[in-house]
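What follows is a set of notes on a single structure, which appears directly below.
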Amino acid sequence: MKFNSTTALAASTFAVLGLLPAMATAETKLKWAHVYETSEPYHTCAVAANDLLMSATDGRYGIEVFPASSLGKEVDINEGLGFGTVDIIYTGQLFAGRSYGPIAIGGAPFMFRDYDHWNKYRNSDLFSELSQGYTDATANHITAMTYYGARHVTSNKPVLKPEDMKGMKIRVPNAPLYMMFPQAVGANPAPIAFAEVYLALQQGTVDAQENPLPTIKAKKFYEVQTNINLTGHITDALLTIVGGPAWDAMDEADRKALTDVTQQTSVCATDAIIKAENELADWFRGQGVQVNEVDRAPFIEAVKKLHNGEAATWDQATYDRLQAIE
């Protein structure tokens, strides 16, 4: 709802009479859905975004956050953007890649040399162009990208070389490109929804899973896996995406305010993840978990052969541009 001078006068009159709190009818709550736990910075930073957006839009818009798959699994919330059942989501690049293949390149294994390479990509013309391509394909809008962390393999035996993963049944998210890494090393990828992973590990439905250290802690996977193997095979990120219906309902000033707030939220969560990554290996060792340093070179060699193979959803020129970022 737009807050014009007439409604402002009416609201202030009722407020004085004590019959209506000021601004109450002017506020639209945007639904922000994700699959992560309430303890994780993605959630806590998104919750804090409500006050930022309320302030930036003079109370026209706020945010209500729905964590832990409460509005659906990751595939569901991606689909919900177009239907307007959710307004904002965090999602992996490979899930967004279901709708526009090239945007998935940033979530492919060993695509980045290190965090610095990823960070420069995040701020590059290439990422801006891919984001626009995603918008053209979906009518949804990528407003920010948040560091998710380096993904590592957890298991019940040490994984020190690619051969150690041969025949291993490893849970991966339900997006095709997550299968590139296990397939390159001879493992068997098993797509399972995030909310079901702990039980699958506990019951032995799968032998292993892969996620960043902060997620391994938040989801308590270390309780049902004895080894964390520092493969660092994906420098991963979450896209913040605003659905077309919500975006189209906002005026330009409020769109800019929402974009700015989601980018502040990205900085908040990214900083927290970097801090956690620097501390958690020792924390896990303190919990009795075996944390294994890994020579990544043989893993990189195995995966790079697949970078522009049949599974690639990008062209060679896009790949070359990403690799040339310095």
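Labeling convention for the structure tokens: chains A, B, ... as they appear, residues from 1 per chain, ligands from 1 in order of appearance.
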
Show me, as JSON lines, the residues of region 225-252 of chain A having an atom within 6 Å of region 149-154 of chain A, each with the closest atom pair and its distance in Å, using only C-alpha atoms.
{"residue": "A:Asn227", "atom": "CA", "partner": "A:Thr154", "partner_atom": "CA", "distance": 5.5}
{"residue": "A:Ile228", "atom": "CA", "partner": "A:Thr154", "partner_atom": "CA", "distance": 4.4}
{"residue": "A:Asn229", "atom": "CA", "partner": "A:Val153", "partner_atom": "CA", "distance": 5.3}
{"residue": "A:Leu230", "atom": "CA", "partner": "A:His152", "partner_atom": "CA", "distance": 5.2}
{"residue": "A:Thr231", "atom": "CA", "partner": "A:His152", "partner_atom": "CA", "distance": 5.0}
{"residue": "A:Gly232", "atom": "CA", "partner": "A:Ala150", "partner_atom": "CA", "distance": 5.0}
{"residue": "A:His233", "atom": "CA", "partner": "A:Arg151", "partner_atom": "CA", "distance": 5.8}
{"residue": "A:Ile234", "atom": "CA", "partner": "A:Arg151", "partner_atom": "CA", "distance": 5.2}
{"residue": "A:Thr235", "atom": "CA", "partner": "A:Ala150", "partner_atom": "CA", "distance": 4.6}
{"residue": "A:Asp236", "atom": "CA", "partner": "A:Gly149", "partner_atom": "CA", "distance": 5.5}

What does the file look like for those residues with all heavy atoms, as a PDB file, in the first residue's frame?
ATOM      1  N   ASN A 227      34.362 -38.241  10.508  1.00  0.00           N
ATOM      2  CA  ASN A 227      35.452 -37.556   9.808  1.00  0.00           C
ATOM      3  C   ASN A 227      34.939 -36.336   9.034  1.00  0.00           C
ATOM      4  O   ASN A 227      33.889 -36.410   8.381  1.00  0.00           O
ATOM      5  CB  ASN A 227      36.138 -38.492   8.812  1.00  0.00           C
ATOM      6  CG  ASN A 227      37.072 -39.490   9.471  1.00  0.00           C
ATOM      7  OD1 ASN A 227      38.290 -39.404   9.352  1.00  0.00           O
ATOM      8  ND2 ASN A 227      36.515 -40.465  10.178  1.00  0.00           N
ATOM      9  N   ILE A 228      35.675 -35.249   9.128  1.00  0.00           N
ATOM     10  CA  ILE A 228      35.471 -34.098   8.241  1.00  0.00           C
ATOM     11  C   ILE A 228      36.728 -33.968   7.397  1.00  0.00           C
ATOM     12  O   ILE A 228      37.837 -33.828   7.929  1.00  0.00           O
ATOM     13  CB  ILE A 228      35.218 -32.805   9.030  1.00  0.00           C
ATOM     14  CG1 ILE A 228      33.943 -32.934   9.869  1.00  0.00           C
ATOM     15  CG2 ILE A 228      35.128 -31.602   8.093  1.00  0.00           C
ATOM     16  CD1 ILE A 228      33.710 -31.761  10.820  1.00  0.00           C
ATOM     17  N   ASN A 229      36.557 -34.048   6.094  1.00  0.00           N
ATOM     18  CA  ASN A 229      37.670 -34.047   5.153  1.00  0.00           C
ATOM     19  C   ASN A 229      37.685 -32.724   4.390  1.00  0.00           C
ATOM     20  O   ASN A 229      36.725 -32.398   3.691  1.00  0.00           O
ATOM     21  CB  ASN A 229      37.506 -35.216   4.176  1.00  0.00           C
ATOM     22  CG  ASN A 229      37.221 -36.520   4.906  1.00  0.00           C
ATOM     23  OD1 ASN A 229      38.101 -37.125   5.505  1.00  0.00           O
ATOM     24  ND2 ASN A 229      35.950 -36.953   4.900  1.00  0.00           N
ATOM     25  N   LEU A 230      38.747 -31.953   4.542  1.00  0.00           N
ATOM     26  CA  LEU A 230      38.768 -30.573   4.055  1.00  0.00           C
ATOM     27  C   LEU A 230      39.061 -30.509   2.546  1.00  0.00           C
ATOM     28  O   LEU A 230      40.088 -30.021   2.104  1.00  0.00           O
ATOM     29  CB  LEU A 230      39.781 -29.757   4.857  1.00  0.00           C
ATOM     30  CG  LEU A 230      39.498 -29.702   6.367  1.00  0.00           C
ATOM     31  CD1 LEU A 230      40.570 -28.904   7.097  1.00  0.00           C
ATOM     32  CD2 LEU A 230      38.112 -29.117   6.647  1.00  0.00           C
ATOM     33  N   THR A 231      38.088 -30.991   1.783  1.00  0.00           N
ATOM     34  CA  THR A 231      38.224 -31.012   0.322  1.00  0.00           C
ATOM     35  C   THR A 231      38.029 -29.629  -0.298  1.00  0.00           C
ATOM     36  O   THR A 231      38.561 -29.358  -1.372  1.00  0.00           O
ATOM     37  CB  THR A 231      37.195 -31.974  -0.294  1.00  0.00           C
ATOM     38  OG1 THR A 231      35.892 -31.664   0.241  1.00  0.00           O
ATOM     39  CG2 THR A 231      37.524 -33.421   0.045  1.00  0.00           C
ATOM     40  N   GLY A 232      37.252 -28.775   0.335  1.00  0.00           N
ATOM     41  CA  GLY A 232      37.020 -27.431  -0.193  1.00  0.00           C
ATOM     42  C   GLY A 232      36.639 -27.436  -1.660  1.00  0.00           C
ATOM     43  O   GLY A 232      37.082 -26.589  -2.433  1.00  0.00           O
ATOM     44  N   HIS A 233      35.772 -28.368  -2.052  1.00  0.00           N
ATOM     45  CA  HIS A 233      35.554 -28.605  -3.483  1.00  0.00           C
ATOM     46  C   HIS A 233      34.624 -27.593  -4.141  1.00  0.00           C
ATOM     47  O   HIS A 233      34.615 -27.474  -5.359  1.00  0.00           O
ATOM     48  CB  HIS A 233      35.038 -30.033  -3.720  1.00  0.00           C
ATOM     49  CG  HIS A 233      33.845 -30.394  -2.905  1.00  0.00           C
ATOM     50  ND1 HIS A 233      33.948 -30.835  -1.601  1.00  0.00           N
ATOM     51  CD2 HIS A 233      32.517 -30.375  -3.185  1.00  0.00           C
ATOM     52  CE1 HIS A 233      32.734 -31.077  -1.124  1.00  0.00           C
ATOM     53  NE2 HIS A 233      31.859 -30.791  -2.063  1.00  0.00           N
ATOM     54  N   ILE A 234      33.830 -26.882  -3.362  1.00  0.00           N
ATOM     55  CA  ILE A 234      33.011 -25.800  -3.923  1.00  0.00           C
ATOM     56  C   ILE A 234      33.155 -24.579  -3.027  1.00  0.00           C
ATOM     57  O   ILE A 234      32.970 -24.662  -1.810  1.00  0.00           O
ATOM     58  CB  ILE A 234      31.517 -26.185  -4.025  1.00  0.00           C
ATOM     59  CG1 ILE A 234      31.310 -27.382  -4.955  1.00  0.00           C
ATOM     60  CG2 ILE A 234      30.688 -24.990  -4.533  1.00  0.00           C
ATOM     61  CD1 ILE A 234      29.858 -27.854  -5.053  1.00  0.00           C
ATOM     62  N   THR A 235      33.518 -23.448  -3.622  1.00  0.00           N
ATOM     63  CA  THR A 235      33.445 -22.168  -2.927  1.00  0.00           C
ATOM     64  C   THR A 235      32.024 -21.673  -3.163  1.00  0.00           C
ATOM     65  O   THR A 235      31.710 -21.098  -4.206  1.00  0.00           O
ATOM     66  CB  THR A 235      34.472 -21.170  -3.490  1.00  0.00           C
ATOM     67  OG1 THR A 235      35.781 -21.747  -3.400  1.00  0.00           O
ATOM     68  CG2 THR A 235      34.443 -19.859  -2.721  1.00  0.00           C
ATOM     69  N   ASP A 236      31.158 -21.916  -2.194  1.00  0.00           N
ATOM     70  CA  ASP A 236      29.728 -21.819  -2.459  1.00  0.00           C
ATOM     71  C   ASP A 236      29.139 -20.496  -1.985  1.00  0.00           C
ATOM     72  O   ASP A 236      29.723 -19.793  -1.159  1.00  0.00           O
ATOM     73  CB  ASP A 236      28.996 -22.991  -1.794  1.00  0.00           C
ATOM     74  CG  ASP A 236      27.757 -23.420  -2.561  1.00  0.00           C
ATOM     75  OD1 ASP A 236      27.426 -22.780  -3.580  1.00  0.00           O
ATOM     76  OD2 ASP A 236      27.113 -24.402  -2.141  1.00  0.00           O
TER      77      ASP A 236
END

Residues flagged strand (DSSP E) by DSSP in region 64-261 of chain A, as a PyMOL selection string: chain A and resi 64-66+88-92+141-155+169-172+188-191+208-211+227-242

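We find CA of Trp118 (chain A) and CA of Asn174 (chain A) to be spaced 22.9 Å apart.
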
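Distances here use only C-alpha atoms; by that measure, the residue among A:Tyr147, A:Gly133, A:Tyr90, A:Glu223 closest to Asp116 (chain A) is A:Tyr147.
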
Which of region 82-312 of chain A end up as alpha helix (DSSP H) when DSSP is run on this backbone - answer as number ranges by chain? A: 82-83, 93-96, 115-122, 125-138, 180-184, 197-202, 213-218, 244-248, 252-286, 297-304

Can I get the selected residues back with C-alpha atoms, as a PDB file, in the first residue's frame?
ATOM      1  CA  GLY A  82       6.912 -16.889  -9.471  1.00  0.00           C
ATOM      2  CA  PHE A  83       3.608 -17.736  -7.818  1.00  0.00           C
ATOM      3  CA  GLN A  93      23.262 -21.035  -7.529  1.00  0.00           C
ATOM      4  CA  LEU A  94      22.654 -24.535  -8.846  1.00  0.00           C
ATOM      5  CA  PHE A  95      18.966 -24.318  -7.932  1.00  0.00           C
ATOM      6  CA  ALA A  96      18.682 -20.979  -9.738  1.00  0.00           C
ATOM      7  CA  TYR A 115      37.725 -16.815  -1.728  1.00  0.00           C
ATOM      8  CA  ASP A 116      39.341 -13.768  -3.356  1.00  0.00           C
ATOM      9  CA  HIS A 117      38.566 -15.106  -6.844  1.00  0.00           C
ATOM     10  CA  TRP A 118      34.951 -15.720  -5.800  1.00  0.00           C
ATOM     11  CA  ASN A 119      34.628 -12.252  -4.247  1.00  0.00           C
ATOM     12  CA  LYS A 120      35.899 -10.578  -7.414  1.00  0.00           C
ATOM     13  CA  TYR A 121      33.443 -12.624  -9.465  1.00  0.00           C
ATOM     14  CA  ARG A 122      30.612 -11.497  -7.165  1.00  0.00           C
ATOM     15  CA  ASP A 125      30.430  -7.447 -14.914  1.00  0.00           C
ATOM     16  CA  LEU A 126      30.117 -11.155 -15.675  1.00  0.00           C
ATOM     17  CA  PHE A 127      28.004 -11.809 -12.582  1.00  0.00           C
ATOM     18  CA  SER A 128      25.853  -8.744 -13.357  1.00  0.00           C
ATOM     19  CA  GLU A 129      25.237 -10.037 -16.880  1.00  0.00           C
ATOM     20  CA  LEU A 130      24.376 -13.533 -15.654  1.00  0.00           C
ATOM     21  CA  SER A 131      22.002 -12.063 -13.062  1.00  0.00           C
ATOM     22  CA  GLN A 132      20.262 -10.091 -15.806  1.00  0.00           C
ATOM     23  CA  GLY A 133      20.002 -13.267 -17.879  1.00  0.00           C
ATOM     24  CA  TYR A 134      18.329 -14.977 -14.917  1.00  0.00           C
ATOM     25  CA  THR A 135      15.860 -12.083 -14.611  1.00  0.00           C
ATOM     26  CA  ASP A 136      15.086 -12.220 -18.325  1.00  0.00           C
ATOM     27  CA  ALA A 137      14.366 -15.941 -18.022  1.00  0.00           C
ATOM     28  CA  THR A 138      12.297 -15.856 -14.825  1.00  0.00           C
ATOM     29  CA  MET A 180      29.692 -33.300 -10.853  1.00  0.00           C
ATOM     30  CA  PHE A 181      32.125 -33.648  -7.942  1.00  0.00           C
ATOM     31  CA  PRO A 182      31.072 -37.141  -6.764  1.00  0.00           C
ATOM     32  CA  GLN A 183      30.882 -38.434 -10.323  1.00  0.00           C
ATOM     33  CA  ALA A 184      34.404 -37.153 -11.056  1.00  0.00           C
ATOM     34  CA  VAL A 197      20.040 -35.405   5.684  1.00  0.00           C
ATOM     35  CA  TYR A 198      20.715 -35.979   9.399  1.00  0.00           C
ATOM     36  CA  LEU A 199      18.379 -38.968   9.508  1.00  0.00           C
ATOM     37  CA  ALA A 200      19.803 -40.373   6.266  1.00  0.00           C
ATOM     38  CA  LEU A 201      23.307 -40.263   7.746  1.00  0.00           C
ATOM     39  CA  GLN A 202      22.157 -41.668  11.073  1.00  0.00           C
ATOM     40  CA  LEU A 213      31.902 -26.181   8.342  1.00  0.00           C
ATOM     41  CA  PRO A 214      29.288 -23.740   9.758  1.00  0.00           C
ATOM     42  CA  THR A 215      26.488 -25.808   8.209  1.00  0.00           C
ATOM     43  CA  ILE A 216      27.996 -29.077   9.466  1.00  0.00           C
ATOM     44  CA  LYS A 217      27.867 -27.585  12.957  1.00  0.00           C
ATOM     45  CA  ALA A 218      24.392 -26.020  12.666  1.00  0.00           C
ATOM     46  CA  GLY A 244       8.695 -10.989  -9.800  1.00  0.00           C
ATOM     47  CA  PRO A 245       5.237 -10.423  -8.253  1.00  0.00           C
ATOM     48  CA  ALA A 246       6.716  -8.757  -5.154  1.00  0.00           C
ATOM     49  CA  TRP A 247       9.194  -6.722  -7.194  1.00  0.00           C
ATOM     50  CA  ASP A 248       6.554  -5.491  -9.625  1.00  0.00           C
ATOM     51  CA  GLU A 252      11.514   2.190  -7.788  1.00  0.00           C
ATOM     52  CA  ALA A 253      12.545   3.781  -4.500  1.00  0.00           C
ATOM     53  CA  ASP A 254      11.329   0.802  -2.477  1.00  0.00           C
ATOM     54  CA  ARG A 255      13.044  -1.632  -4.851  1.00  0.00           C
ATOM     55  CA  LYS A 256      16.304   0.211  -4.306  1.00  0.00           C
ATOM     56  CA  ALA A 257      15.749   0.167  -0.547  1.00  0.00           C
ATOM     57  CA  LEU A 258      15.096  -3.584  -0.598  1.00  0.00           C
ATOM     58  CA  THR A 259      18.173  -4.206  -2.760  1.00  0.00           C
ATOM     59  CA  ASP A 260      20.348  -2.155  -0.416  1.00  0.00           C
ATOM     60  CA  VAL A 261      18.990  -3.982   2.636  1.00  0.00           C
ATOM     61  CA  THR A 262      19.588  -7.438   1.120  1.00  0.00           C
ATOM     62  CA  GLN A 263      23.146  -6.399   0.288  1.00  0.00           C
ATOM     63  CA  GLN A 264      23.710  -5.250   3.878  1.00  0.00           C
ATOM     64  CA  THR A 265      22.292  -8.599   4.988  1.00  0.00           C
ATOM     65  CA  SER A 266      24.764 -10.348   2.682  1.00  0.00           C
ATOM     66  CA  VAL A 267      27.690  -8.540   4.314  1.00  0.00           C
ATOM     67  CA  CYS A 268      26.357  -9.435   7.769  1.00  0.00           C
ATOM     68  CA  ALA A 269      26.112 -13.159   6.992  1.00  0.00           C
ATOM     69  CA  THR A 270      29.303 -13.345   4.904  1.00  0.00           C
ATOM     70  CA  ASP A 271      31.401 -11.835   7.704  1.00  0.00           C
ATOM     71  CA  ALA A 272      29.924 -14.288  10.217  1.00  0.00           C
ATOM     72  CA  ILE A 273      30.612 -17.293   7.969  1.00  0.00           C
ATOM     73  CA  ILE A 274      34.230 -16.282   7.369  1.00  0.00           C
ATOM     74  CA  LYS A 275      34.758 -15.905  11.131  1.00  0.00           C
ATOM     75  CA  ALA A 276      33.184 -19.311  11.790  1.00  0.00           C
ATOM     76  CA  GLU A 277      35.245 -21.045   9.109  1.00  0.00           C
ATOM     77  CA  ASN A 278      38.428 -19.761  10.733  1.00  0.00           C
ATOM     78  CA  GLU A 279      37.456 -21.227  14.100  1.00  0.00           C
ATOM     79  CA  LEU A 280      35.499 -24.403  13.488  1.00  0.00           C
ATOM     80  CA  ALA A 281      38.171 -26.937  12.513  1.00  0.00           C
ATOM     81  CA  ASP A 282      39.614 -26.679  16.018  1.00  0.00           C
ATOM     82  CA  TRP A 283      36.111 -26.703  17.545  1.00  0.00           C
ATOM     83  CA  PHE A 284      35.280 -29.972  15.779  1.00  0.00           C
ATOM     84  CA  ARG A 285      38.556 -31.515  16.952  1.00  0.00           C
ATOM     85  CA  GLY A 286      37.530 -30.532  20.465  1.00  0.00           C
ATOM     86  CA  ALA A 297      45.308 -31.106  -6.335  1.00  0.00           C
ATOM     87  CA  PRO A 298      44.214 -34.646  -7.386  1.00  0.00           C
ATOM     88  CA  PHE A 299      40.575 -33.753  -6.726  1.00  0.00           C
ATOM     89  CA  ILE A 300      40.909 -30.581  -8.813  1.00  0.00           C
ATOM     90  CA  GLU A 301      42.512 -32.539 -11.644  1.00  0.00           C
ATOM     91  CA  ALA A 302      39.654 -35.073 -11.650  1.00  0.00           C
ATOM     92  CA  VAL A 303      36.918 -32.439 -11.687  1.00  0.00           C
ATOM     93  CA  LYS A 304      38.372 -29.964 -14.193  1.00  0.00           C
TER      94      LYS A 304
END

Find the residues around Ala195 (chain A) up to 8 Å (only C-alpha atoms counted), leave out those fewer than 6 positions away in its own chain, and share them as an NGL selection string. :A and (35 or 68-69 or 73)

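Reported to one decimal place, the separation of CA of Leu238 (chain A) from CA of Tyr148 (chain A) is 6.1 Å.
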
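Distance annotation: of A:Thr28, A:Tyr178, A:Asn188, A:Thr146, the residue with the minimal separation from Ile105 (chain A) is A:Tyr178; atom set is only C-alpha atoms.
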
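For the set A:Thr143, A:Ala48, A:Ser124, A:Pro109, the residue with the smallest atom-to-atom gap to Thr240 (chain A) is A:Thr143, counting only C-alpha atoms.
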
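Note that CA of Ala33 (chain A) and CA of Tyr100 (chain A) are 20.5 Å apart.
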